[in-house]
$ cat upload_13.csv   # CSV, C-alpha atoms
chain,number,residue,atom,x,y,z
A,1,MET,CA,26.3,40.0,-18.5
A,2,ALA,CA,23.2,40.7,-20.4
A,3,ASN,CA,23.5,37.4,-22.1
A,4,ALA,CA,23.8,35.6,-18.8
A,5,HIS,CA,20.4,37.1,-17.8
A,6,VAL,CA,18.8,36.1,-21.0
A,7,GLY,CA,20.1,32.6,-20.6
A,8,HIS,CA,18.6,32.6,-17.1
A,9,GLY,CA,15.3,33.6,-18.4
A,10,ALA,CA,13.8,30.2,-18.3
A,11,HIS,CA,13.9,30.3,-14.5
A,12,ASP,CA,12.9,33.9,-14.2
A,13,HIS,CA,9.7,34.9,-12.5
A,14,ALA,CA,7.8,38.0,-11.8
A,15,PRO,CA,9.3,40.4,-9.3
A,16,GLY,CA,8.0,39.9,-5.8
A,17,GLU,CA,6.9,36.4,-6.5
A,18,HIS,CA,8.4,33.7,-4.4
A,19,ASP,CA,10.1,30.7,-5.9
A,20,ALA,CA,8.3,29.3,-8.9
A,21,GLY,CA,6.3,26.2,-7.9
A,22,HIS,CA,6.2,27.2,-4.3
A,23,HIS,CA,2.6,28.2,-3.8
A,24,ILE,CA,1.7,29.3,-0.2
A,25,ILE,CA,-1.8,28.4,0.8
A,26,GLU,CA,-3.4,30.8,3.2
A,27,PRO,CA,-4.9,29.7,6.6
A,28,PRO,CA,-8.6,30.4,5.7
A,29,THR,CA,-8.3,27.7,3.0
A,30,TYR,CA,-7.0,25.2,5.6
A,31,TYR,CA,-9.9,26.1,8.0
A,32,LYS,CA,-12.4,25.5,5.2
A,33,VAL,CA,-10.8,22.1,4.3
A,34,PHE,CA,-10.9,21.1,8.0
A,35,GLY,CA,-14.6,22.1,8.1
A,36,ILE,CA,-15.2,19.9,5.0
A,37,LEU,CA,-13.4,17.0,6.7
A,38,MET,CA,-15.5,17.4,9.8
A,39,ILE,CA,-18.7,17.3,7.7
A,40,LEU,CA,-17.4,14.2,6.0
A,41,LEU,CA,-16.7,12.5,9.3
A,42,ILE,CA,-20.3,13.1,10.3
A,43,VAL,CA,-21.5,11.8,7.0
A,44,THR,CA,-19.3,8.7,7.6
A,45,LEU,CA,-21.1,8.0,10.9
A,46,ALA,CA,-24.5,8.8,9.5
A,47,ALA,CA,-23.9,6.4,6.6
A,48,ALA,CA,-22.9,3.7,9.0
A,49,ALA,CA,-26.1,4.3,11.0
A,50,ILE,CA,-28.3,3.3,8.1
A,51,ASP,CA,-28.4,-0.4,7.2
A,52,LEU,CA,-28.0,-0.6,3.4
A,53,GLY,CA,-26.8,-4.1,3.3
A,54,PRO,CA,-24.0,-4.7,0.8
A,55,LEU,CA,-24.0,-0.9,-0.1
A,56,ASN,CA,-22.6,0.2,3.3
A,57,LEU,CA,-19.0,-0.8,2.5
A,58,PRO,CA,-18.7,1.0,-1.0
A,59,ILE,CA,-20.4,4.1,0.4
A,60,ALA,CA,-18.0,4.2,3.4
A,61,MET,CA,-15.1,3.8,1.0
A,62,LEU,CA,-16.4,6.5,-1.3
A,63,ILE,CA,-16.5,8.9,1.6
A,64,ALA,CA,-13.0,7.9,2.7
A,65,ILE,CA,-11.7,8.5,-0.8
A,66,VAL,CA,-13.2,12.0,-0.9
A,67,LYS,CA,-11.7,12.7,2.5
A,68,ALA,CA,-8.3,11.5,1.4
A,69,GLY,CA,-8.6,13.4,-1.9
A,70,VAL,CA,-9.3,16.7,0.0
A,71,VAL,CA,-6.3,16.0,2.3
A,72,MET,CA,-4.0,15.3,-0.7
A,73,ALA,CA,-5.2,18.2,-2.8
A,74,TYR,CA,-4.9,20.9,-0.1
A,75,PHE,CA,-3.0,19.8,3.0
A,76,MET,CA,-0.5,17.9,0.8
A,77,HIS,CA,-0.5,20.7,-1.8
A,78,LEU,CA,-1.0,18.2,-4.7
A,79,LYS,CA,-3.4,20.7,-6.4
A,80,PHE,CA,-0.5,23.1,-6.7
A,81,ASN,CA,2.3,20.6,-7.5
A,82,SER,CA,3.6,19.9,-10.9
A,83,ALA,CA,2.1,17.1,-13.1
A,84,LEU,CA,5.1,14.9,-12.4
A,85,VAL,CA,4.6,15.0,-8.7
A,86,ARG,CA,0.9,14.2,-9.2
A,87,LEU,CA,1.8,11.3,-11.4
A,88,PHE,CA,4.0,9.9,-8.7
A,89,ALA,CA,1.2,10.2,-6.2
A,90,PHE,CA,-1.2,8.5,-8.6
A,91,ALA,CA,1.2,5.7,-9.4
A,92,GLY,CA,1.3,4.5,-5.8
A,93,VAL,CA,-2.5,4.1,-5.8
A,94,ALA,CA,-2.6,2.7,-9.4
A,95,TRP,CA,-0.2,-0.1,-8.5
A,96,LEU,CA,-2.2,-0.9,-5.4
A,97,MET,CA,-5.3,-1.2,-7.6
A,98,ILE,CA,-3.5,-3.7,-9.8
A,99,LEU,CA,-2.6,-5.7,-6.7
A,100,PHE,CA,-6.3,-5.7,-5.5
A,101,HIS,CA,-7.8,-6.3,-9.0
A,102,LEU,CA,-5.7,-9.3,-10.1
A,103,THR,CA,-5.4,-11.0,-6.8
A,104,LEU,CA,-9.1,-10.7,-5.9
A,105,ASN,CA,-10.0,-11.9,-9.4
A,106,ASP,CA,-8.2,-15.1,-8.6
A,107,TYR,CA,-9.5,-15.6,-5.1
A,108,VAL,CA,-13.1,-14.6,-5.8
A,109,SER,CA,-13.5,-16.6,-9.0
A,110,ARG,CA,-11.8,-19.8,-7.8
A,111,PRO,CA,-15.0,-21.3,-6.2
A,112,TRP,CA,-16.9,-20.9,-9.4
A,113,LEU,CA,-14.9,-23.7,-11.0
A,114,GLN,CA,-16.5,-27.0,-9.8
A,115,THR,CA,-13.3,-28.9,-10.6
A,116,PRO,CA,-11.0,-30.8,-8.3
A,117,GLY,CA,-8.0,-29.0,-7.1
A,118,GLN,CA,-9.7,-25.6,-7.1
B,1,MET,CA,29.0,32.7,-17.0
B,2,VAL,CA,28.2,29.7,-15.0
B,3,SER,CA,29.7,31.1,-11.8
B,4,ASP,CA,27.9,34.3,-12.5
B,5,ALA,CA,24.6,32.5,-12.8
B,6,HIS,CA,25.3,30.7,-9.5
B,7,ALA,CA,26.2,33.9,-7.8
B,8,HIS,CA,22.9,35.3,-9.0
B,9,GLY,CA,21.0,32.2,-7.7
B,10,ALA,CA,22.7,32.3,-4.3
B,11,GLY,CA,22.1,36.0,-3.9
B,12,HIS,CA,18.4,35.7,-4.9
B,13,HIS,CA,17.5,32.7,-2.8
B,14,GLY,CA,19.7,33.1,0.3
B,15,HIS,CA,23.2,31.8,0.7
B,16,GLY,CA,23.8,28.1,1.0
B,17,LEU,CA,20.2,26.9,0.7
B,18,VAL,CA,20.6,25.5,-2.8
B,19,GLN,CA,22.7,22.3,-2.7
B,20,HIS,CA,25.4,22.1,-5.2
B,21,GLN,CA,23.7,19.4,-7.4
B,22,PHE,CA,20.8,21.7,-8.2
B,23,ASP,CA,20.6,24.7,-10.5
B,24,ASP,CA,18.3,26.7,-8.4
B,25,MET,CA,15.7,26.6,-5.6
B,26,PRO,CA,12.6,25.6,-7.7
B,27,GLN,CA,14.5,22.6,-9.1
B,28,GLN,CA,15.6,21.6,-5.6
B,29,ARG,CA,12.1,22.0,-4.3
B,30,GLU,CA,10.7,19.9,-7.1
B,31,SER,CA,13.3,17.2,-6.5
B,32,PHE,CA,12.7,17.0,-2.8
B,33,THR,CA,8.9,16.9,-3.2
B,34,LEU,CA,9.2,14.2,-5.9
B,35,GLY,CA,11.5,12.1,-3.7
B,36,MET,CA,9.1,12.3,-0.8
B,37,TRP,CA,6.1,11.3,-2.9
B,38,LEU,CA,8.1,8.3,-4.2
B,39,PHE,CA,8.7,7.3,-0.6
B,40,LEU,CA,5.0,7.8,0.2
B,41,ALA,CA,4.2,5.5,-2.8
B,42,THR,CA,6.2,2.8,-1.2
B,43,GLU,CA,4.3,3.4,2.0
B,44,ILE,CA,1.0,3.0,0.2
B,45,MET,CA,2.3,-0.3,-1.2
B,46,MET,CA,3.3,-1.5,2.3
B,47,PHE,CA,0.0,-0.6,3.9
B,48,GLY,CA,-1.7,-1.9,0.7
B,49,GLY,CA,-0.6,-5.4,1.4
B,50,LEU,CA,-2.4,-5.2,4.8
B,51,PHE,CA,-5.4,-3.6,3.2
B,52,PHE,CA,-5.5,-6.5,0.8
B,53,ALA,CA,-5.3,-9.1,3.6
B,54,TYR,CA,-8.2,-7.3,5.3
B,55,SER,CA,-10.3,-7.4,2.1
B,56,PHE,CA,-9.6,-11.0,1.5
B,57,TYR,CA,-10.4,-12.2,5.0
B,58,ARG,CA,-13.5,-9.9,5.3
B,59,TRP,CA,-14.8,-11.4,2.0
B,60,LYS,CA,-14.0,-14.9,3.3
B,61,LEU,CA,-15.2,-14.5,6.9
B,62,PRO,CA,-17.9,-11.8,6.9
B,63,GLY,CA,-19.7,-13.0,10.0
B,64,ALA,CA,-16.5,-13.2,12.0
B,65,PHE,CA,-15.4,-9.7,11.0
B,66,ASN,CA,-18.8,-8.4,12.0
B,67,GLU,CA,-18.4,-10.1,15.4
B,68,GLY,CA,-14.8,-9.0,15.9
B,69,ALA,CA,-15.5,-5.4,15.0
B,70,SER,CA,-18.4,-5.3,17.5
B,71,HIS,CA,-15.8,-5.6,20.3
B,72,LEU,CA,-14.3,-2.2,19.3
B,73,VAL,CA,-15.5,0.9,21.0
B,74,GLN,CA,-16.6,3.3,18.2
B,75,LEU,CA,-16.5,6.4,20.4
B,76,TRP,CA,-12.7,5.9,20.8
B,77,GLY,CA,-12.3,5.4,17.1
B,78,THR,CA,-14.4,8.4,16.2
B,79,GLY,CA,-12.6,10.6,18.8
B,80,ASN,CA,-9.2,9.5,17.4
B,81,THR,CA,-10.4,10.2,13.8
B,82,PHE,CA,-11.3,13.8,15.0
B,83,VAL,CA,-7.9,14.1,16.8
B,84,LEU,CA,-5.9,13.0,13.7
B,85,LEU,CA,-7.9,15.2,11.2
B,86,PHE,CA,-7.3,18.1,13.6
B,87,SER,CA,-3.6,17.4,13.8
B,88,SER,CA,-3.4,17.5,10.0
B,89,LEU,CA,-4.9,21.0,10.2
B,90,THR,CA,-2.3,22.1,12.8
B,91,MET,CA,0.5,20.5,10.8
B,92,ALA,CA,-0.7,22.4,7.7
B,93,MET,CA,-0.6,25.6,9.9
B,94,ALA,CA,3.0,24.7,10.9
B,95,VAL,CA,4.0,24.4,7.2
B,96,HIS,CA,2.4,27.8,6.6
B,97,ALA,CA,4.2,29.3,9.6
B,98,ALA,CA,7.6,28.1,8.2
B,99,ALA,CA,6.7,29.5,4.8
B,100,ILE,CA,6.0,32.9,6.2
B,101,LYS,CA,9.1,32.7,8.5
B,102,ASN,CA,7.3,32.9,11.8
B,103,LYS,CA,9.4,31.0,14.3
B,104,GLN,CA,7.1,31.3,17.3
B,105,LYS,CA,4.1,30.1,15.3
B,106,LEU,CA,6.0,27.3,13.7
B,107,VAL,CA,7.1,25.9,17.1
B,108,MET,CA,3.6,26.4,18.6
B,109,TRP,CA,1.8,24.6,15.7
B,110,LEU,CA,4.3,21.8,15.8
B,111,GLY,CA,3.8,21.6,19.6
B,112,ILE,CA,0.0,21.3,19.2
B,113,THR,CA,0.5,18.6,16.5
B,114,PHE,CA,2.7,16.7,18.9
B,115,VAL,CA,0.2,16.8,21.7
B,116,LEU,CA,-2.6,15.6,19.4
B,117,GLY,CA,-0.4,12.8,18.2
B,118,LEU,CA,0.2,11.8,21.9
B,119,VAL,CA,-3.5,11.9,22.6
B,120,PHE,CA,-4.1,9.6,19.6
B,121,LEU,CA,-1.6,7.1,20.9
B,122,GLY,CA,-2.9,7.4,24.4
B,123,VAL,CA,-6.4,6.4,23.3
B,124,LYS,CA,-4.9,3.5,21.3
B,125,ALA,CA,-3.1,2.4,24.4
B,126,ILE,CA,-6.3,2.4,26.4
B,127,GLU,CA,-8.1,0.4,23.7
B,128,TRP,CA,-5.3,-2.2,23.5
B,129,GLY,CA,-5.2,-2.4,27.3
B,130,THR,CA,-8.9,-3.2,27.4
B,131,ASP,CA,-8.4,-5.8,24.7
B,132,TYR,CA,-5.7,-7.4,26.8
B,133,GLN,CA,-7.9,-7.5,29.9
B,134,GLU,CA,-10.7,-9.0,27.9
B,135,GLY,CA,-8.5,-11.6,26.3
B,136,LEU,CA,-8.9,-10.4,22.7
B,137,ILE,CA,-5.2,-10.4,21.7
B,138,PRO,CA,-4.3,-13.4,19.4
B,139,GLY,CA,-1.2,-15.1,20.5
B,140,VAL,CA,-0.8,-13.0,23.6
B,141,ARG,CA,-4.0,-13.4,25.6
B,142,TRP,CA,-6.9,-15.0,23.8
B,143,ASN,CA,-9.5,-16.3,26.2
B,144,TYR,CA,-12.5,-14.1,25.8
B,145,TYR,CA,-14.8,-16.8,24.5
B,146,ASP,CA,-13.7,-19.2,27.2
B,147,HIS,CA,-15.1,-16.8,29.8
B,148,HIS,CA,-18.2,-15.6,27.9
B,149,HIS,CA,-20.2,-18.7,27.3
B,150,GLU,CA,-23.2,-16.9,25.9
B,151,ALA,CA,-21.1,-15.1,23.3
B,152,ALA,CA,-19.4,-18.4,22.4
B,153,GLN,CA,-22.8,-20.1,22.1
B,154,HIS,CA,-24.1,-17.3,20.0
B,155,LEU,CA,-21.1,-17.7,17.6
B,156,ALA,CA,-21.7,-21.4,17.4
B,157,GLU,CA,-25.3,-20.9,16.5
B,158,GLN,CA,-24.3,-18.6,13.6
B,159,ASN,CA,-21.7,-21.2,12.5
B,160,ILE,CA,-18.8,-18.7,13.1
B,161,GLY,CA,-15.6,-20.2,14.4
B,162,VAL,CA,-13.8,-18.6,17.3
B,163,HIS,CA,-10.6,-18.8,15.3
B,164,ASP,CA,-12.2,-16.8,12.5
B,165,VAL,CA,-13.0,-14.0,14.9
B,166,MET,CA,-9.3,-14.3,15.9
B,167,MET,CA,-8.4,-13.5,12.3
B,168,PHE,CA,-10.2,-10.2,12.5
B,169,PHE,CA,-8.0,-9.3,15.5
B,170,VAL,CA,-4.8,-10.4,13.8
B,171,VAL,CA,-5.7,-8.0,10.9
B,172,TYR,CA,-6.8,-5.3,13.4
B,173,PHE,CA,-3.6,-5.4,15.4
B,174,CYS,CA,-1.3,-5.6,12.3
B,175,MET,CA,-3.0,-2.6,10.7
B,176,THR,CA,-3.4,-0.4,13.8
B,177,GLY,CA,0.0,-1.5,15.0
B,178,LEU,CA,1.9,-0.5,11.8
B,179,HIS,CA,-0.1,2.7,11.8
B,180,ALA,CA,0.9,3.4,15.5
B,181,ILE,CA,4.6,2.7,14.6
B,182,HIS,CA,4.3,5.4,11.9
B,183,MET,CA,2.7,7.7,14.5
B,184,ILE,CA,5.6,7.1,16.9
B,185,ILE,CA,8.2,7.9,14.2
B,186,GLY,CA,6.1,11.0,13.3
B,187,LEU,CA,6.1,12.2,16.9
B,188,GLY,CA,9.9,11.8,17.1
B,189,LEU,CA,10.3,13.8,13.9
B,190,VAL,CA,7.9,16.5,15.1
B,191,ALA,CA,9.8,16.8,18.4
B,192,TYR,CA,13.1,17.0,16.6
B,193,PHE,CA,11.7,19.7,14.2
B,194,MET,CA,10.4,21.7,17.2
B,195,PHE,CA,13.9,21.6,18.6
B,196,LEU,CA,15.5,22.7,15.3
B,197,GLY,CA,12.7,25.1,14.5
B,198,GLY,CA,13.2,26.8,17.9
B,199,LYS,CA,16.8,27.5,16.8
B,200,GLY,CA,15.5,29.1,13.7
B,201,HIS,CA,16.4,26.4,11.2
B,202,PHE,CA,13.2,26.5,9.1
B,203,THR,CA,12.4,30.2,9.2
B,204,ASN,CA,15.5,31.3,7.3
B,205,GLY,CA,14.0,30.6,3.9
B,206,ASN,CA,14.7,26.8,4.2
B,207,ASP,CA,11.1,25.9,5.0
B,208,GLN,CA,10.8,22.8,2.8
B,209,PRO,CA,11.8,20.2,5.4
B,210,VAL,CA,8.7,21.1,7.4
B,211,GLU,CA,6.6,20.7,4.2
B,212,ILE,CA,8.1,17.2,3.7
B,213,LEU,CA,7.4,16.3,7.3
B,214,GLY,CA,3.9,17.5,6.7
B,215,LEU,CA,3.5,15.1,3.7
B,216,TYR,CA,4.5,12.2,6.0
B,217,TRP,CA,2.1,13.2,8.7
B,218,HIS,CA,-0.8,13.7,6.3
B,219,LEU,CA,-0.2,10.3,4.7
B,220,VAL,CA,-0.4,8.6,8.2
B,221,ASP,CA,-3.7,10.6,8.6
B,222,ILE,CA,-5.0,9.3,5.3
B,223,ILE,CA,-4.2,5.7,6.3
B,224,TRP,CA,-6.4,6.2,9.4
B,225,ILE,CA,-9.2,7.7,7.4
B,226,PHE,CA,-9.5,4.3,5.7
B,227,LEU,CA,-8.8,2.2,8.8
B,228,PHE,CA,-11.6,3.8,10.8
B,229,PRO,CA,-14.7,2.8,8.8
B,230,LEU,CA,-13.1,-0.5,7.8
B,231,LEU,CA,-12.3,-1.7,11.3
B,232,TYR,CA,-14.8,0.1,13.5
B,233,LEU,CA,-18.0,0.6,11.5
B,234,ILE,CA,-18.6,-2.9,10.1
B,235,PRO,CA,-21.6,-3.7,12.5
B,236,GLY,CA,-23.2,-0.3,11.8
B,237,LEU,CA,-23.2,2.7,14.1
B,238,ASN,CA,-23.4,2.2,17.8
B,239,LEU,CA,-21.1,4.9,19.3
B,240,PHE,CA,-21.6,4.1,23.0
B,241,LYS,CA,-21.6,0.4,23.1
B,242,GLY,CA,-18.3,-1.1,23.9
B,243,GLY,CA,-18.4,-4.8,22.8
B,244,HIS,CA,-17.7,-6.0,26.3

$ encode --input "upload_13.csv" --output "structure tokens"
Amino acid sequence: MANAHVGHGAHDHAPGEHDAGHHIIEPPTYYKVFGILMILLIVTLAAAAIDLGPLNLPIAMLIAIVKAGVVMAYFMHLKFNSALVRLFAFAGVAWLMILFHLTLNDYVSRPWLQTPGQ
Amino acid sequence: MVSDAHAHGAGHHGHGLVQHQFDDMPQQRESFTLGMWLFLATEIMMFGGLFFAYSFYRWKLPGAFNEGASHLVQLWGTGNTFVLLFSSLTMAMAVHAAAIKNKQKLVMWLGITFVLGLVFLGVKAIEWGTDYQEGLIPGVRWNYYDHHHEAAQHLAEQNIGVHDVMMFFVVYFCMTGLHAIHMIIGLGLVAYFMFLGGKGHFTNGNDQPVEILGLYWHLVDIIWIFLFPLLYLIPGLNLFKGGH
């Protein structure tokens, strides 16, 4: 019996604590996150109101990435998930970046070659 | 020994909640979360193809994309962004309600999330209805520039083809359409979870399905976070001007 409990020790957790890896975020955190998202929405609109030429797009994307990061970290609990779960989330984005990077490399650089059959 | 450990696990975590292929609740939780994120990664790849198509055509046809986006009403898009961000908050609150085993609050927050999702789709329906009336839907009703000679002339002066503007709307309807399909699926799931939640299904210690549903809902929100500036804000900020 005692041995069974020792063997179980790897999964043991402090008394009163809920399941390991199940972190409950309290509502005040969610309210703050929503407030940050509202501020970022206003920043998005403000950034669009100023004409920065070619800089407008990267700035809008940067703000969107921050918004998405806040949603993923808190609403989607990534901040409190295991490294493996975070790796899976990162992998989806990483593969997408490969798609963008290699394909746009081809399309954008093609007109540089002044050769027939470009 | 093994059966003893299982009896211990079942007693500790509530009877029947840990499925037989898992050792204990933390392992089951981790597996479910991981599986959902794998699915979300495939979703990112599916939308990613559309985001790439957007990037390519915007790079190729910058003037046409500017013209196309100027037909969208930014106030609708801004309002819908607010509605979706707010619905992510209410969904997070539903997940919390399930975790603290509060059945009434779970059903209430899911209900508010459902209504906000409906509002989003209602606004989208109004926008698409206007596009139909104006003749801005490629392949269905595309005659805006036949009826607006000044706009057509303006395009010709800038050396922008009407078909290039059409390309913006093809991308616009594919992206917002796929997003709306995801919203409709999400609404169906939220309604189903309200029904099950009302019967006490997720407040008996088995709260994780609500968390998984939340992950889906938040991803659909994130997709919109990117769609909004990419589709609506190309010509700069002009909240109250509809392009018609």

$ closest_residue --input "upload_13.csv" --among "B:Ala41, B:Leu196, B:Ala64, B:Val190" --to "Gly92 in chain A" --atoms "all atoms listed in the file"
B:Ala41

$ closest_residue --input "upload_13.csv" --among "B:Met194, B:Leu239, B:Ile44, B:Leu227" --to "Ala94 in chain B" --atoms "only C-alpha atoms"
B:Met194

$ atom_distance --input "upload_13.csv" --atom1 "CA of Thr103 in chain A" --atom2 "CA of Asn159 in chain B"
27.2 Å

$ interface_residues --input "upload_13.csv" --of "chain B" --to "chain A" --cutoff "8 Å" --atoms "all atoms listed in the file" --output "mmCIF file with C-alpha atoms, in the coordinates of the input"
data_model
loop_
_atom_site.group_PDB
_atom_site.id
_atom_site.type_symbol
_atom_site.label_atom_id
_atom_site.label_comp_id
_atom_site.auth_asym_id
_atom_site.auth_seq_id
_atom_site.Cartn_x
_atom_site.Cartn_y
_atom_site.Cartn_z
ATOM 1 C CA MET B 1 29.000 32.700 -17.000
ATOM 2 C CA ASP B 4 27.900 34.300 -12.500
ATOM 3 C CA ALA B 5 24.600 32.500 -12.800
ATOM 4 C CA MET B 25 15.700 26.600 -5.600
ATOM 5 C CA PRO B 26 12.600 25.600 -7.700
ATOM 6 C CA ARG B 29 12.100 22.000 -4.300
ATOM 7 C CA GLU B 30 10.700 19.900 -7.100
ATOM 8 C CA THR B 33 8.900 16.900 -3.200
ATOM 9 C CA LEU B 34 9.200 14.200 -5.900
ATOM 10 C CA TRP B 37 6.100 11.300 -2.900
ATOM 11 C CA LEU B 38 8.100 8.300 -4.200
ATOM 12 C CA LEU B 40 5.000 7.800 0.200
ATOM 13 C CA ALA B 41 4.200 5.500 -2.800
ATOM 14 C CA THR B 42 6.200 2.800 -1.200
ATOM 15 C CA ILE B 44 1.000 3.000 0.200
ATOM 16 C CA MET B 45 2.300 -0.300 -1.200
ATOM 17 C CA GLY B 48 -1.700 -1.900 0.700
ATOM 18 C CA PHE B 52 -5.500 -6.500 0.800
ATOM 19 C CA PHE B 56 -9.600 -11.000 1.500
ATOM 20 C CA PHE B 82 -11.300 13.800 15.000
ATOM 21 C CA LEU B 85 -7.900 15.200 11.200
ATOM 22 C CA PHE B 86 -7.300 18.100 13.600
ATOM 23 C CA SER B 88 -3.400 17.500 10.000
ATOM 24 C CA LEU B 89 -4.900 21.000 10.200
ATOM 25 C CA ALA B 92 -0.700 22.400 7.700
ATOM 26 C CA MET B 93 -0.600 25.600 9.900
ATOM 27 C CA HIS B 96 2.400 27.800 6.600
ATOM 28 C CA ALA B 99 6.700 29.500 4.800
ATOM 29 C CA GLY B 214 3.900 17.500 6.700
ATOM 30 C CA LEU B 215 3.500 15.100 3.700
ATOM 31 C CA HIS B 218 -0.800 13.700 6.300
ATOM 32 C CA ILE B 222 -5.000 9.300 5.300
ATOM 33 C CA ILE B 225 -9.200 7.700 7.400
ATOM 34 C CA PHE B 226 -9.500 4.300 5.700
ATOM 35 C CA PRO B 229 -14.700 2.800 8.800
ATOM 36 C CA LEU B 230 -13.100 -0.500 7.800
ATOM 37 C CA LEU B 233 -18.000 0.600 11.500
ATOM 38 C CA ILE B 234 -18.600 -2.900 10.100
ATOM 39 C CA GLY B 236 -23.200 -0.300 11.800
ATOM 40 C CA LEU B 237 -23.200 2.700 14.100
ATOM 41 C CA ASN B 238 -23.400 2.200 17.800
#

$ atom_distance --input "upload_13.csv" --atom1 "CA of Gly63 in chain B" --atom2 "CA of Phe120 in chain B"
29.1 Å

$ atom_distance --input "upload_13.csv" --atom1 "CA of Ser70 in chain B" --atom2 "CA of Trp142 in chain B"
16.3 Å

$ residues_around --input "upload_13.csv" --residues "His163 in chain B" --least-positions-apart "3" --cutoff "12 Å" --atoms "all atoms listed in the file" --output "PDB file with C-alpha atoms, keeping the file's coordinate frame"
ATOM      1  CA  LEU B  61     -15.200 -14.500   6.900  1.00  0.00           C
ATOM      2  CA  ALA B  64     -16.500 -13.200  12.000  1.00  0.00           C
ATOM      3  CA  PHE B  65     -15.400  -9.700  11.000  1.00  0.00           C
ATOM      4  CA  GLU B  67     -18.400 -10.100  15.400  1.00  0.00           C
ATOM      5  CA  GLY B  68     -14.800  -9.000  15.900  1.00  0.00           C
ATOM      6  CA  LEU B 136      -8.900 -10.400  22.700  1.00  0.00           C
ATOM      7  CA  ILE B 137      -5.200 -10.400  21.700  1.00  0.00           C
ATOM      8  CA  PRO B 138      -4.300 -13.400  19.400  1.00  0.00           C
ATOM      9  CA  GLY B 139      -1.200 -15.100  20.500  1.00  0.00           C
ATOM     10  CA  TRP B 142      -6.900 -15.000  23.800  1.00  0.00           C
ATOM     11  CA  ASN B 143      -9.500 -16.300  26.200  1.00  0.00           C
ATOM     12  CA  TYR B 144     -12.500 -14.100  25.800  1.00  0.00           C
ATOM     13  CA  TYR B 145     -14.800 -16.800  24.500  1.00  0.00           C
ATOM     14  CA  ALA B 152     -19.400 -18.400  22.400  1.00  0.00           C
ATOM     15  CA  LEU B 155     -21.100 -17.700  17.600  1.00  0.00           C
ATOM     16  CA  ALA B 156     -21.700 -21.400  17.400  1.00  0.00           C
ATOM     17  CA  ASN B 159     -21.700 -21.200  12.500  1.00  0.00           C
ATOM     18  CA  ILE B 160     -18.800 -18.700  13.100  1.00  0.00           C
ATOM     19  CA  MET B 166      -9.300 -14.300  15.900  1.00  0.00           C
ATOM     20  CA  MET B 167      -8.400 -13.500  12.300  1.00  0.00           C
ATOM     21  CA  PHE B 168     -10.200 -10.200  12.500  1.00  0.00           C
ATOM     22  CA  PHE B 169      -8.000  -9.300  15.500  1.00  0.00           C
ATOM     23  CA  VAL B 170      -4.800 -10.400  13.800  1.00  0.00           C
TER      24      VAL B 170
END

$ build_atoms --input "upload_13.csv" --residues "range 197-208 of chain B" --atoms "N, CA and C atoms" --output "PDB file, in the frame of the given file"
ATOM      1  N   GLY B 197      13.478  23.944  14.854  1.00  0.00           N
ATOM      2  CA  GLY B 197      12.700  25.100  14.500  1.00  0.00           C
ATOM      3  C   GLY B 197      12.899  26.240  15.540  1.00  0.00           C
ATOM      4  N   GLY B 198      13.004  25.857  16.817  1.00  0.00           N
ATOM      5  CA  GLY B 198      13.200  26.800  17.900  1.00  0.00           C
ATOM      6  C   GLY B 198      14.565  27.536  17.718  1.00  0.00           C
ATOM      7  N   LYS B 199      15.520  26.840  17.062  1.00  0.00           N
ATOM      8  CA  LYS B 199      16.800  27.500  16.800  1.00  0.00           C
ATOM      9  C   LYS B 199      16.825  28.260  15.514  1.00  0.00           C
ATOM     10  N   GLY B 200      15.630  28.319  14.857  1.00  0.00           N
ATOM     11  CA  GLY B 200      15.500  29.100  13.700  1.00  0.00           C
ATOM     12  C   GLY B 200      15.882  28.443  12.369  1.00  0.00           C
ATOM     13  N   HIS B 201      15.925  27.110  12.391  1.00  0.00           N
ATOM     14  CA  HIS B 201      16.400  26.400  11.200  1.00  0.00           C
ATOM     15  C   HIS B 201      15.450  26.461   9.999  1.00  0.00           C
ATOM     16  N   PHE B 202      14.145  26.585  10.240  1.00  0.00           N
ATOM     17  CA  PHE B 202      13.200  26.500   9.100  1.00  0.00           C
ATOM     18  C   PHE B 202      12.564  27.808   8.757  1.00  0.00           C
ATOM     19  N   THR B 203      12.961  28.861   9.450  1.00  0.00           N
ATOM     20  CA  THR B 203      12.400  30.200   9.200  1.00  0.00           C
ATOM     21  C   THR B 203      13.399  31.113   8.597  1.00  0.00           C
ATOM     22  N   ASN B 204      14.435  30.502   7.977  1.00  0.00           N
ATOM     23  CA  ASN B 204      15.500  31.300   7.300  1.00  0.00           C
ATOM     24  C   ASN B 204      15.376  31.176   5.816  1.00  0.00           C
ATOM     25  N   GLY B 205      14.193  30.770   5.326  1.00  0.00           N
ATOM     26  CA  GLY B 205      14.000  30.600   3.900  1.00  0.00           C
ATOM     27  C   GLY B 205      14.077  29.094   3.529  1.00  0.00           C
ATOM     28  N   ASN B 206      14.597  28.269   4.436  1.00  0.00           N
ATOM     29  CA  ASN B 206      14.700  26.800   4.200  1.00  0.00           C
ATOM     30  C   ASN B 206      13.509  26.123   4.867  1.00  0.00           C
ATOM     31  N   ASP B 207      12.300  26.409   4.383  1.00  0.00           N
ATOM     32  CA  ASP B 207      11.100  25.900   5.000  1.00  0.00           C
ATOM     33  C   ASP B 207      10.682  24.526   4.529  1.00  0.00           C
ATOM     34  N   GLN B 208      11.304  24.047   3.453  1.00  0.00           N
ATOM     35  CA  GLN B 208      10.800  22.800   2.800  1.00  0.00           C
ATOM     36  C   GLN B 208      10.822  21.576   3.698  1.00  0.00           C
TER      37      GLN B 208
END
